[in-house]
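Structure file entry_5.txt (compact mmCIF, C-alpha atoms (C1' of nucleotides)) is printed below.
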```txt
# COMPACT_ATOMS: atom_id res chain seq x y z
CA MET A 991 4.45 -14.37 11.36
CA ARG A 992 6.39 -15.45 8.40
CA LEU A 993 3.34 -17.22 7.10
CA LEU A 994 1.48 -14.02 6.63
CA ARG A 995 4.10 -12.84 4.20
CA ALA A 996 3.10 -15.40 1.65
CA HIS A 997 -0.21 -13.70 1.32
CA SER A 998 1.15 -10.41 0.13
CA ALA A 999 3.06 -12.17 -2.60
CA ILE A 1000 -0.01 -14.02 -3.80
CA THR A 1001 -2.19 -10.99 -3.70
CA ARG A 1002 0.33 -8.98 -5.61
CA ARG A 1003 0.64 -11.60 -8.24
CA LEU A 1004 -3.07 -11.93 -8.77
CA ASN A 1005 -3.35 -8.19 -8.84
CA SER A 1006 -0.70 -7.64 -11.51
CA LYS A 1007 -2.20 -10.32 -13.66
CA LEU A 1008 -5.62 -8.76 -13.42
CA VAL A 1009 -4.27 -5.31 -14.19
CA ALA A 1010 -2.32 -6.62 -17.16
CA ASP A 1011 -5.20 -8.64 -18.56
CA HIS A 1012 -8.14 -6.37 -17.87
CA GLY A 1013 -7.00 -3.11 -16.41
CA LEU A 1014 -8.65 -3.90 -13.11
CA THR A 1015 -7.17 -3.87 -9.65
CA LEU A 1016 -7.88 -6.85 -7.46
CA ASN A 1017 -9.92 -4.52 -5.32
CA ASP A 1018 -11.74 -3.18 -8.35
CA TYR A 1019 -12.61 -6.72 -9.23
CA GLU A 1020 -13.89 -7.57 -5.80
CA VAL A 1021 -15.96 -4.44 -5.62
CA LEU A 1022 -17.59 -5.32 -8.94
CA MET A 1023 -18.18 -8.81 -7.66
CA HIS A 1024 -19.81 -7.67 -4.45
CA LEU A 1025 -22.02 -5.27 -6.38
CA PHE A 1026 -22.99 -8.00 -8.80
CA ARG A 1027 -24.09 -10.26 -5.98
CA ALA A 1028 -25.94 -7.55 -4.10
CA GLU A 1029 -29.64 -7.01 -4.37
CA GLY A 1030 -30.35 -4.57 -7.15
CA GLN A 1031 -26.66 -4.76 -7.96
CA ARG A 1032 -25.93 -1.85 -5.69
CA LEU A 1033 -24.50 -1.18 -2.26
CA ARG A 1034 -23.96 1.68 0.07
CA ARG A 1035 -20.40 2.85 0.19
CA VAL A 1036 -20.08 1.99 3.85
CA ASP A 1037 -21.09 -1.57 3.28
CA LEU A 1038 -18.83 -1.90 0.33
CA ALA A 1039 -15.97 -0.58 2.40
CA GLU A 1040 -16.63 -3.19 5.03
CA GLN A 1041 -16.72 -6.03 2.56
CA VAL A 1042 -13.44 -5.29 0.87
CA ILE A 1043 -11.84 -4.00 4.05
CA LEU A 1044 -11.10 -0.48 3.00
CA THR A 1045 -11.69 2.82 4.76
CA PRO A 1046 -14.51 5.05 3.56
CA SER A 1047 -12.04 7.28 1.79
CA GLY A 1048 -10.43 4.28 0.17
CA ILE A 1049 -13.79 3.30 -1.29
CA THR A 1050 -14.43 6.81 -2.52
CA ARG A 1051 -11.12 6.76 -4.35
CA LEU A 1052 -11.59 3.33 -5.77
CA LEU A 1053 -15.09 4.11 -7.01
CA GLU A 1054 -13.84 7.30 -8.63
CA GLY A 1055 -11.90 5.12 -11.00
CA LEU A 1056 -14.72 2.71 -11.71
CA GLU A 1057 -17.12 5.58 -12.26
CA ARG A 1058 -14.75 7.23 -14.67
CA CYS A 1059 -14.70 4.01 -16.69
CA GLY A 1060 -18.46 3.75 -16.57
CA LEU A 1061 -18.42 0.44 -14.72
CA VAL A 1062 -20.27 1.83 -11.74
CA GLU A 1063 -22.70 4.71 -11.26
CA ARG A 1064 -23.75 6.81 -8.32
CA ALA A 1065 -27.33 6.58 -7.18
CA SER A 1066 -28.93 8.34 -4.29
CA CYS A 1067 -31.14 6.83 -1.64
CA ALA A 1068 -34.74 7.95 -1.27
CA SER A 1069 -35.02 7.26 2.42
CA ASP A 1070 -31.64 8.54 3.58
CA ALA A 1071 -30.09 11.55 1.94
CA ARG A 1072 -26.67 10.80 3.35
CA VAL A 1073 -26.07 7.66 1.38
CA THR A 1074 -24.99 7.34 -2.21
CA TYR A 1075 -25.19 3.89 -3.65
CA ALA A 1076 -22.61 2.41 -5.90
CA GLN A 1077 -24.62 0.88 -8.72
CA LEU A 1078 -23.17 -1.65 -11.14
CA THR A 1079 -23.73 -0.66 -14.76
CA GLU A 1080 -24.29 -3.09 -17.62
CA GLN A 1081 -20.85 -2.27 -18.81
CA GLY A 1082 -19.55 -3.06 -15.35
CA GLU A 1083 -21.25 -6.40 -15.34
CA ALA A 1084 -19.83 -7.21 -18.74
CA LYS A 1085 -16.37 -6.27 -17.56
CA LEU A 1086 -16.72 -8.42 -14.48
CA HIS A 1087 -17.64 -11.43 -16.56
CA GLU A 1088 -14.83 -10.81 -18.95
CA ALA A 1089 -12.34 -10.52 -16.12
CA SER A 1090 -13.64 -13.49 -14.22
CA GLN A 1091 -12.79 -15.74 -17.16
CA THR A 1092 -9.10 -15.52 -16.51
CA HIS A 1093 -9.18 -14.58 -12.87
CA VAL A 1094 -11.04 -17.64 -11.66
CA GLU A 1095 -8.61 -19.81 -13.54
CA ASP A 1096 -5.67 -18.01 -12.03
CA VAL A 1097 -6.97 -18.45 -8.54
CA HIS A 1098 -7.42 -22.14 -9.16
CA GLY A 1099 -3.94 -22.33 -10.53
CA LEU A 1100 -2.64 -20.94 -7.27
CA PHE A 1101 -4.84 -22.78 -4.83
CA GLY A 1102 -6.47 -25.77 -6.44
CA ASP A 1103 -3.14 -27.12 -7.50
CA ARG A 1104 -1.60 -26.82 -4.12
CA PHE A 1105 -4.38 -27.90 -1.82
CA SER A 1106 -6.97 -30.61 -1.74
CA ALA A 1107 -10.61 -29.69 -1.24
CA LYS A 1108 -10.37 -30.86 2.34
CA GLU A 1109 -7.34 -28.73 3.01
CA ILE A 1110 -9.06 -25.69 1.62
CA THR A 1111 -11.90 -26.29 4.01
CA THR A 1112 -9.46 -26.56 6.88
CA LEU A 1113 -7.80 -23.36 5.83
CA HIS A 1114 -11.12 -21.61 5.74
CA GLU A 1115 -12.09 -22.85 9.14
CA LEU A 1116 -8.87 -21.68 10.66
CA LEU A 1117 -8.57 -18.36 8.94
CA GLU A 1118 -12.16 -17.51 9.62
CA ARG A 1119 -11.28 -17.15 13.24
CA LEU A 1120 -9.10 -14.22 12.55
CA PRO A 1121 -10.72 -10.91 13.35
CA ALA A 1122 -11.67 -9.41 10.05
CA ASP A 1123 -14.77 -7.42 9.20
CA GLY A 1124 -16.70 -5.29 11.53
CA VAL A 1125 -14.72 -6.45 14.48
CA ASP A 1126 -14.96 -4.34 17.53
CA GLU A 1127 -11.55 -2.77 17.53
CA SER A 1128 -11.30 -2.89 21.25
CA GLU A 1129 -11.65 -6.63 21.23
CA CYS A 1130 -8.25 -7.04 19.71
CA LEU A 1131 -5.10 -5.43 20.92
CA GLU A 1132 -5.71 -3.67 24.13
CA MET B 415 -10.59 -15.50 -1.69
CA ARG B 416 -12.46 -14.02 1.11
CA LEU B 417 -10.09 -15.67 3.52
CA LEU B 418 -7.17 -13.69 2.28
CA ARG B 419 -8.93 -10.50 3.29
CA ALA B 420 -8.61 -11.29 6.94
CA HIS B 421 -4.92 -11.02 6.63
CA SER B 422 -4.89 -7.41 5.56
CA ALA B 423 -6.97 -6.48 8.57
CA ILE B 424 -4.63 -8.25 10.96
CA THR B 425 -1.56 -6.82 9.41
CA ARG B 426 -2.96 -3.36 9.50
CA ARG B 427 -3.87 -3.68 13.11
CA LEU B 428 -0.48 -4.92 14.17
CA ASN B 429 1.08 -2.21 12.11
CA SER B 430 -0.88 0.65 13.65
CA LYS B 431 -0.20 -0.63 17.10
CA LEU B 432 3.50 -0.82 16.42
CA VAL B 433 3.55 2.65 14.93
CA ALA B 434 1.62 4.08 17.85
CA ASP B 435 3.72 2.36 20.50
CA HIS B 436 7.17 2.62 19.01
CA GLY B 437 7.10 4.61 15.78
CA LEU B 438 8.00 1.54 13.77
CA THR B 439 6.25 0.10 10.77
CA LEU B 440 5.60 -3.62 10.79
CA ASN B 441 8.08 -3.82 7.93
CA ASP B 442 10.58 -1.74 9.88
CA TYR B 443 10.22 -4.16 12.73
CA GLU B 444 10.72 -7.21 10.58
CA VAL B 445 13.74 -5.71 8.91
CA LEU B 446 15.30 -5.03 12.30
CA MET B 447 14.47 -8.56 13.32
CA HIS B 448 16.05 -10.11 10.27
CA LEU B 449 19.14 -8.02 10.76
CA PHE B 450 19.34 -9.00 14.39
CA ARG B 451 19.26 -12.66 13.51
CA ALA B 452 21.72 -12.36 10.68
CA GLU B 453 25.38 -13.12 11.05
CA GLY B 454 27.21 -9.96 12.06
CA GLN B 455 23.81 -8.33 12.32
CA ARG B 456 23.93 -7.23 8.74
CA LEU B 457 22.48 -8.22 5.42
CA ARG B 458 22.75 -7.24 1.82
CA ARG B 459 19.84 -5.19 0.62
CA VAL B 460 18.86 -7.80 -1.93
CA ASP B 461 18.58 -10.48 0.70
CA LEU B 462 16.66 -8.25 3.00
CA ALA B 463 14.26 -7.46 0.19
CA GLU B 464 13.66 -11.11 -0.39
CA GLN B 465 12.98 -11.83 3.24
CA VAL B 466 10.39 -9.17 3.78
CA ILE B 467 9.03 -9.48 0.25
CA LEU B 468 9.74 -6.02 -0.99
CA THR B 469 11.28 -4.80 -4.21
CA PRO B 470 14.83 -3.43 -4.15
CA SER B 471 13.49 0.09 -4.28
CA GLY B 472 11.11 -0.67 -1.47
CA ILE B 473 14.03 -1.69 0.70
CA THR B 474 16.00 1.39 -0.22
CA ARG B 475 13.12 3.54 0.88
CA LEU B 476 12.48 1.64 4.04
CA LEU B 477 16.13 1.73 5.05
CA GLU B 478 16.29 5.46 4.38
CA GLY B 479 13.96 5.86 7.31
CA LEU B 480 15.80 3.50 9.62
CA GLU B 481 19.11 5.11 8.72
CA ARG B 482 17.75 8.55 9.44
CA CYS B 483 16.77 7.34 12.91
CA GLY B 484 20.17 5.76 13.43
CA LEU B 485 18.76 2.27 13.81
CA VAL B 486 20.64 0.94 10.83
CA GLU B 487 23.85 1.95 9.11
CA ARG B 488 25.27 1.47 5.66
CA ALA B 489 28.38 -0.61 5.34
CA SER B 490 30.18 -1.52 2.20
CA CYS B 491 31.42 -4.92 1.20
CA ALA B 492 35.12 -5.53 0.73
CA SER B 493 34.75 -8.27 -1.84
CA ASP B 494 31.95 -6.81 -3.92
CA ALA B 495 31.77 -3.10 -4.49
CA ARG B 496 28.18 -3.26 -5.66
CA VAL B 497 26.71 -4.26 -2.36
CA THR B 498 25.95 -2.06 0.59
CA TYR B 499 25.06 -3.87 3.73
CA ALA B 500 22.38 -2.79 6.08
CA GLN B 501 24.01 -3.00 9.48
CA LEU B 502 22.03 -3.00 12.69
CA THR B 503 23.30 -0.38 15.14
CA GLU B 504 23.25 -0.74 18.90
CA GLN B 505 20.47 1.75 18.97
CA GLY B 506 18.60 -0.36 16.45
CA GLU B 507 19.03 -3.45 18.57
CA ALA B 508 17.77 -1.60 21.61
CA LYS B 509 14.78 -0.36 19.69
CA LEU B 510 14.00 -3.85 18.46
CA HIS B 511 14.01 -5.21 21.98
CA GLU B 512 11.88 -2.40 23.22
CA ALA B 513 9.36 -2.93 20.44
CA SER B 514 9.33 -6.68 20.75
CA GLN B 515 8.08 -6.34 24.30
CA THR B 516 4.64 -5.26 23.22
CA HIS B 517 4.67 -6.70 19.73
CA VAL B 518 5.19 -10.30 20.71
CA GLU B 519 2.39 -9.98 23.18
CA ASP B 520 0.12 -8.50 20.58
CA VAL B 521 0.80 -11.27 18.17
CA HIS B 522 0.02 -13.81 20.82
CA GLY B 523 -3.14 -11.98 21.62
CA LEU B 524 -4.21 -12.36 18.04
CA PHE B 525 -3.09 -15.89 17.37
CA GLY B 526 -2.42 -17.74 20.55
CA ASP B 527 -5.87 -16.98 21.80
CA ARG B 528 -7.60 -18.18 18.71
CA PHE B 529 -5.60 -21.25 17.78
CA SER B 530 -4.14 -24.21 19.54
CA ALA B 531 -0.50 -25.07 19.03
CA LYS B 532 -1.53 -27.90 16.74
CA GLU B 533 -3.69 -25.64 14.65
CA ILE B 534 -0.89 -23.19 14.25
CA THR B 535 1.28 -25.98 12.97
CA THR B 536 -1.40 -26.96 10.49
CA LEU B 537 -1.71 -23.40 9.35
CA HIS B 538 2.00 -23.21 8.81
CA GLU B 539 2.10 -26.41 6.85
CA LEU B 540 -0.68 -25.28 4.58
CA LEU B 541 0.38 -21.73 4.06
CA GLU B 542 3.92 -22.74 3.42
CA ARG B 543 2.82 -24.25 0.18
CA LEU B 544 1.87 -20.90 -1.20
CA PRO B 545 4.43 -19.49 -3.54
CA ALA B 546 6.24 -16.79 -1.65
CA ASP B 547 9.91 -16.00 -1.77
CA GLY B 548 12.15 -16.41 -4.68
CA VAL B 549 9.55 -18.20 -6.66
CA ASP B 550 10.15 -18.46 -10.32
CA GLU B 551 7.51 -16.10 -11.61
CA SER B 552 6.79 -18.25 -14.59
CA GLU B 553 5.83 -21.13 -12.38
CA CYS B 554 2.68 -19.41 -11.28
CA LEU B 555 0.10 -17.81 -13.44
CA GLU B 556 0.67 -18.56 -17.08
C1' DG C 32 40.95 -9.06 -22.21
C1' DA C 33 36.83 -7.00 -24.54
C1' DG C 34 32.11 -7.11 -25.14
C1' DA C 35 27.76 -8.99 -23.74
C1' DT C 36 25.12 -10.08 -19.87
C1' DA C 37 23.91 -10.31 -15.10
C1' DT C 38 23.67 -8.39 -10.45
C1' DA C 39 23.26 -4.68 -6.72
C1' DC C 40 21.41 -0.61 -5.83
C1' DT C 41 19.20 4.19 -6.45
C1' DT C 42 16.07 7.60 -8.29
C1' DG C 43 11.82 9.95 -10.31
C1' DA C 44 7.13 9.46 -11.23
C1' DG C 45 3.04 7.79 -9.90
C1' DC C 46 -0.69 4.68 -7.71
C1' DC C 47 -3.26 3.14 -3.94
C1' DG C 48 -4.73 3.74 0.32
C1' DT C 49 -4.57 6.01 5.01
C1' DC C 50 -5.62 9.69 8.42
C1' DA C 51 -7.58 13.94 9.98
C1' DA C 52 -10.80 17.36 9.19
C1' DC C 53 -15.01 18.58 7.43
C1' DA C 54 -20.02 18.91 5.61
C1' DA C 55 -24.39 17.12 5.53
C1' DT C 56 -28.07 14.43 7.16
C1' DA C 57 -30.23 11.26 10.90
C1' DT C 58 -31.24 9.87 15.44
C1' DT C 59 -31.67 10.20 20.23
C1' DA C 60 -32.42 12.43 24.77
C1' DG C 61 -34.04 15.93 27.74
C1' DC D 260 -38.55 20.92 19.54
C1' DT D 261 -33.74 21.47 20.26
C1' DA D 262 -29.28 20.26 21.35
C1' DA D 263 -26.01 16.56 21.51
C1' DT D 264 -24.41 12.63 19.16
C1' DA D 265 -23.93 9.32 15.44
C1' DT D 266 -23.65 8.07 10.64
C1' DT D 267 -22.45 8.66 5.65
C1' DG D 268 -19.56 10.41 2.66
C1' DT D 269 -15.78 13.57 0.57
C1' DT D 270 -11.37 16.06 0.43
C1' DG D 271 -6.28 17.46 1.17
C1' DA D 272 -2.01 15.98 2.63
C1' DC D 273 0.93 12.39 2.90
C1' DG D 274 3.18 7.50 3.34
C1' DG D 275 4.65 3.38 1.47
C1' DC D 276 5.47 0.79 -2.19
C1' DT D 277 5.94 -0.26 -7.24
C1' DC D 278 7.73 0.24 -11.95
C1' DA D 279 10.87 1.79 -15.36
C1' DA D 280 15.11 3.67 -16.19
C1' DG D 281 19.72 4.52 -14.99
C1' DT D 282 24.56 3.80 -12.74
C1' DA D 283 28.13 0.99 -11.25
C1' DT D 284 30.42 -3.18 -10.57
C1' DA D 285 30.97 -8.40 -11.59
C1' DT D 286 30.94 -12.37 -14.32
C1' DC D 287 30.90 -15.01 -18.21
C1' DT D 288 32.17 -16.16 -23.16
C1' DC D 289 34.82 -16.07 -27.08
```

Using the file provided, produce a representation of the structure as structure tokens.
Amino acid sequence: MRLLRAHSAITRRLNSKLVADHGLTLNDYEVLMHLFRAEGQRLRRVDLAEQVILTPSGITRLLEGLERCGLVERASCASDARVTYAQLTEQGEAKLHEASQTHVEDVHGLFGDRFSAKEITTLHELLERLPADGVDESECLE
Amino acid sequence: MRLLRAHSAITRRLNSKLVADHGLTLNDYEVLMHLFRAEGQRLRRVDLAEQVILTPSGITRLLEGLERCGLVERASCASDARVTYAQLTEQGEAKLHEASQTHVEDVHGLFGDRFSAKEITTLHELLERLPADGVDESECLE
DNA sequence: GAGATATACTTGAGCCGTCAACAATATTAG
DNA sequence: CTAATATTGTTGACGGCTCAAGTATATCTC
């Protein structure tokens, strides 16, 4: 399982860079990105949690930070009083764009340089098979 | 970078299982494994840190736990007074074997079932190119 | 061989995320 | 309609790891 180790190094590196350059965690960044892509630029916390692979409490904590910085706002749902949306603010969108400038480059620096397009495809195909989101827990490991 | 997400899920799953079954963290397990394989069943903390990709302090903390359980002992180095070895105890070796029983199976369940031998090789070849251990920081990202 | 620099390790503070427990609302079944 | 169950989210306690700073020993340079 040695190969899996490499990932943590990469992730950490990208994370530190992002924090240093823009004061955003890698997870912060991805949350902003998912919100940006979502319809109405907002998502339920559950769905967000699923997308970035965090627990509900993890998302609550993460959003606390983004809310404090004004990058995300809370919004309630008309049809279901249980849900609170995370809503991207203009400021949040601006921040995302700012951050993406360097981040996208960095990611290319780490991957583009080391793999051909074809190899990246192969990697995707293989890694996609790993159980990730919304997997029935029982399906894996006993 | 979606593909990297899958990893954290896998890792977490293997970790929980290991904790539930044997009271060992995935990192605990890997440390024991590295010690077991090492000459004299002991390693300097620095080297251990490098192998499991932790910082020196991380290793100190991790070993605290293993020492408390008697799975690992401290041993000093005759030729260099700065180093303290982490030395696998008999108990630690026993524990490792016990844990490996289920862990190896679990890993196979997650990988063997999803990939052919050839695909695993491919994965290795590709992922090996990622900067991992002992990489000159400056080489990546700016 | 003395001073500057590098290496091995530890410690305190703090961040990020988990788990377990809980509150509130929704849904389903009898 | 009501009781049981499921879903969404938050909170407190805590674990695991990092970073920055510090100690102690080694090595290198003049």

Just want the 8 Å neighbourhood of stretch 1040-1055 of chain A, counted on only C-alpha atoms (C1' of nucleotides), with same-chain residues fewer than 6 positions away dropped. Output as a CSV table (one decimal) with C-alpha atoms (C1' of nucleotides), in the frame of the given file.
```csv
chain,number,residue,atom,x,y,z
A,1017,ASN,CA,-9.9,-4.5,-5.3
A,1018,ASP,CA,-11.7,-3.2,-8.4
A,1020,GLU,CA,-13.9,-7.6,-5.8
A,1021,VAL,CA,-16.0,-4.4,-5.6
A,1024,HIS,CA,-19.8,-7.7,-4.4
A,1062,VAL,CA,-20.3,1.8,-11.7
A,1076,ALA,CA,-22.6,2.4,-5.9
A,1123,ASP,CA,-14.8,-7.4,9.2
A,1124,GLY,CA,-16.7,-5.3,11.5
B,419,ARG,CA,-8.9,-10.5,3.3
B,422,SER,CA,-4.9,-7.4,5.6
B,423,ALA,CA,-7.0,-6.5,8.6
C,48,DG,C1',-4.7,3.7,0.3
C,49,DT,C1',-4.6,6.0,5.0
D,268,DG,C1',-19.6,10.4,2.7
D,269,DT,C1',-15.8,13.6,0.6
```

Legend entry - Straight-line distance linking atom CA of A:Asn1005 with atom C1' of D:DG271, stated in Å to one decimal: 27.7 Å

Pull out every residue of chain D sitting within 8 Å of chain B, counting all atoms listed in the file, and send them as a PDB file with C-alpha atoms (C1' of nucleotides), keeping the file's coordinate frame.
```pdb
ATOM      1  C1'  DC D 276       5.470   0.790  -2.190  1.00  0.00           C
ATOM      2  C1'  DT D 277       5.940  -0.260  -7.240  1.00  0.00           C
ATOM      3  C1'  DA D 283      28.130   0.990 -11.250  1.00  0.00           C
ATOM      4  C1'  DT D 284      30.420  -3.180 -10.570  1.00  0.00           C
ATOM      5  C1'  DA D 285      30.970  -8.400 -11.590  1.00  0.00           C
TER       6       DA D 285
END
```

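Each of C:DC47, C:DC53, C:DA39, C:DT59 was checked against chain A using all atoms listed in the file; the smallest atom-to-atom distance is that of C:DC47.
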
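Picture a line from atom CA of A:Leu1038 to atom CA of A:Arg1058; it runs 18.0 Å.
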
Please reconstruct the missing atoms of stretch 486-513 of chain B (target: N, CA and C atoms) and return them as a CSV table (one decimal), in the frame of the given file.
```
chain,number,residue,atom,x,y,z
B,486,VAL,N,19.9,1.8,11.8
B,486,VAL,CA,20.6,0.9,10.8
B,486,VAL,C,21.7,1.8,10.2
B,487,GLU,N,22.8,1.2,9.8
B,487,GLU,CA,23.8,2.0,9.1
B,487,GLU,C,24.2,1.3,7.8
B,488,ARG,N,24.8,2.0,6.9
B,488,ARG,CA,25.3,1.5,5.7
B,488,ARG,C,26.7,1.0,5.9
B,489,ALA,N,27.0,-0.1,5.3
B,489,ALA,CA,28.4,-0.6,5.3
B,489,ALA,C,28.7,-1.2,4.0
B,490,SER,N,29.9,-1.0,3.5
B,490,SER,CA,30.2,-1.5,2.2
B,490,SER,C,30.9,-2.9,2.3
B,491,CYS,N,30.9,-3.6,1.2
B,491,CYS,CA,31.4,-4.9,1.2
B,491,CYS,C,32.8,-4.9,0.6
B,492,ALA,N,33.7,-5.5,1.2
B,492,ALA,CA,35.1,-5.5,0.7
B,492,ALA,C,35.2,-6.3,-0.6
B,493,SER,N,34.5,-7.4,-0.7
B,493,SER,CA,34.8,-8.3,-1.8
B,493,SER,C,33.9,-7.9,-3.0
B,494,ASP,N,32.8,-7.1,-2.8
B,494,ASP,CA,32.0,-6.8,-3.9
B,494,ASP,C,31.5,-5.4,-3.8
B,495,ALA,N,32.0,-4.5,-4.6
B,495,ALA,CA,31.8,-3.1,-4.5
B,495,ALA,C,30.3,-2.7,-4.8
B,496,ARG,N,29.6,-3.6,-5.3
B,496,ARG,CA,28.2,-3.3,-5.7
B,496,ARG,C,27.3,-3.2,-4.4
B,497,VAL,N,27.6,-4.1,-3.5
B,497,VAL,CA,26.7,-4.3,-2.4
B,497,VAL,C,27.0,-3.3,-1.2
B,498,THR,N,25.9,-2.8,-0.7
B,498,THR,CA,26.0,-2.1,0.6
B,498,THR,C,25.1,-2.9,1.6
B,499,TYR,N,25.8,-3.2,2.7
B,499,TYR,CA,25.1,-3.9,3.7
B,499,TYR,C,24.2,-2.9,4.5
B,500,ALA,N,23.1,-3.5,5.0
B,500,ALA,CA,22.4,-2.8,6.1
B,500,ALA,C,22.9,-3.4,7.4
B,501,GLN,N,23.4,-2.5,8.2
B,501,GLN,CA,24.0,-3.0,9.5
B,501,GLN,C,23.2,-2.5,10.7
B,502,LEU,N,22.8,-3.4,11.5
B,502,LEU,CA,22.0,-3.0,12.7
B,502,LEU,C,22.9,-2.2,13.7
B,503,THR,N,22.5,-1.1,14.1
B,503,THR,CA,23.3,-0.4,15.1
B,503,THR,C,22.9,-0.8,16.5
B,504,GLU,N,23.6,-0.4,17.5
B,504,GLU,CA,23.2,-0.7,18.9
B,504,GLU,C,21.9,-0.1,19.2
B,505,GLN,N,21.8,1.1,18.8
B,505,GLN,CA,20.5,1.8,19.0
B,505,GLN,C,19.3,1.0,18.3
B,506,GLY,N,19.6,0.4,17.1
B,506,GLY,CA,18.6,-0.4,16.4
B,506,GLY,C,18.3,-1.6,17.2
B,507,GLU,N,19.3,-2.2,17.8
B,507,GLU,CA,19.0,-3.4,18.6
B,507,GLU,C,18.2,-3.1,19.8
B,508,ALA,N,18.5,-2.0,20.4
B,508,ALA,CA,17.8,-1.6,21.6
B,508,ALA,C,16.3,-1.4,21.2
B,509,LYS,N,16.1,-0.7,20.1
B,509,LYS,CA,14.8,-0.4,19.7
B,509,LYS,C,14.0,-1.6,19.4
B,510,LEU,N,14.7,-2.6,18.8
B,510,LEU,CA,14.0,-3.8,18.5
B,510,LEU,C,13.5,-4.5,19.7
B,511,HIS,N,14.4,-4.6,20.7
B,511,HIS,CA,14.0,-5.2,22.0
B,511,HIS,C,12.9,-4.5,22.6
B,512,GLU,N,13.0,-3.2,22.6
B,512,GLU,CA,11.9,-2.4,23.2
B,512,GLU,C,10.6,-2.7,22.5
B,513,ALA,N,10.6,-2.7,21.2
B,513,ALA,CA,9.4,-2.9,20.4
B,513,ALA,C,8.8,-4.3,20.6
```
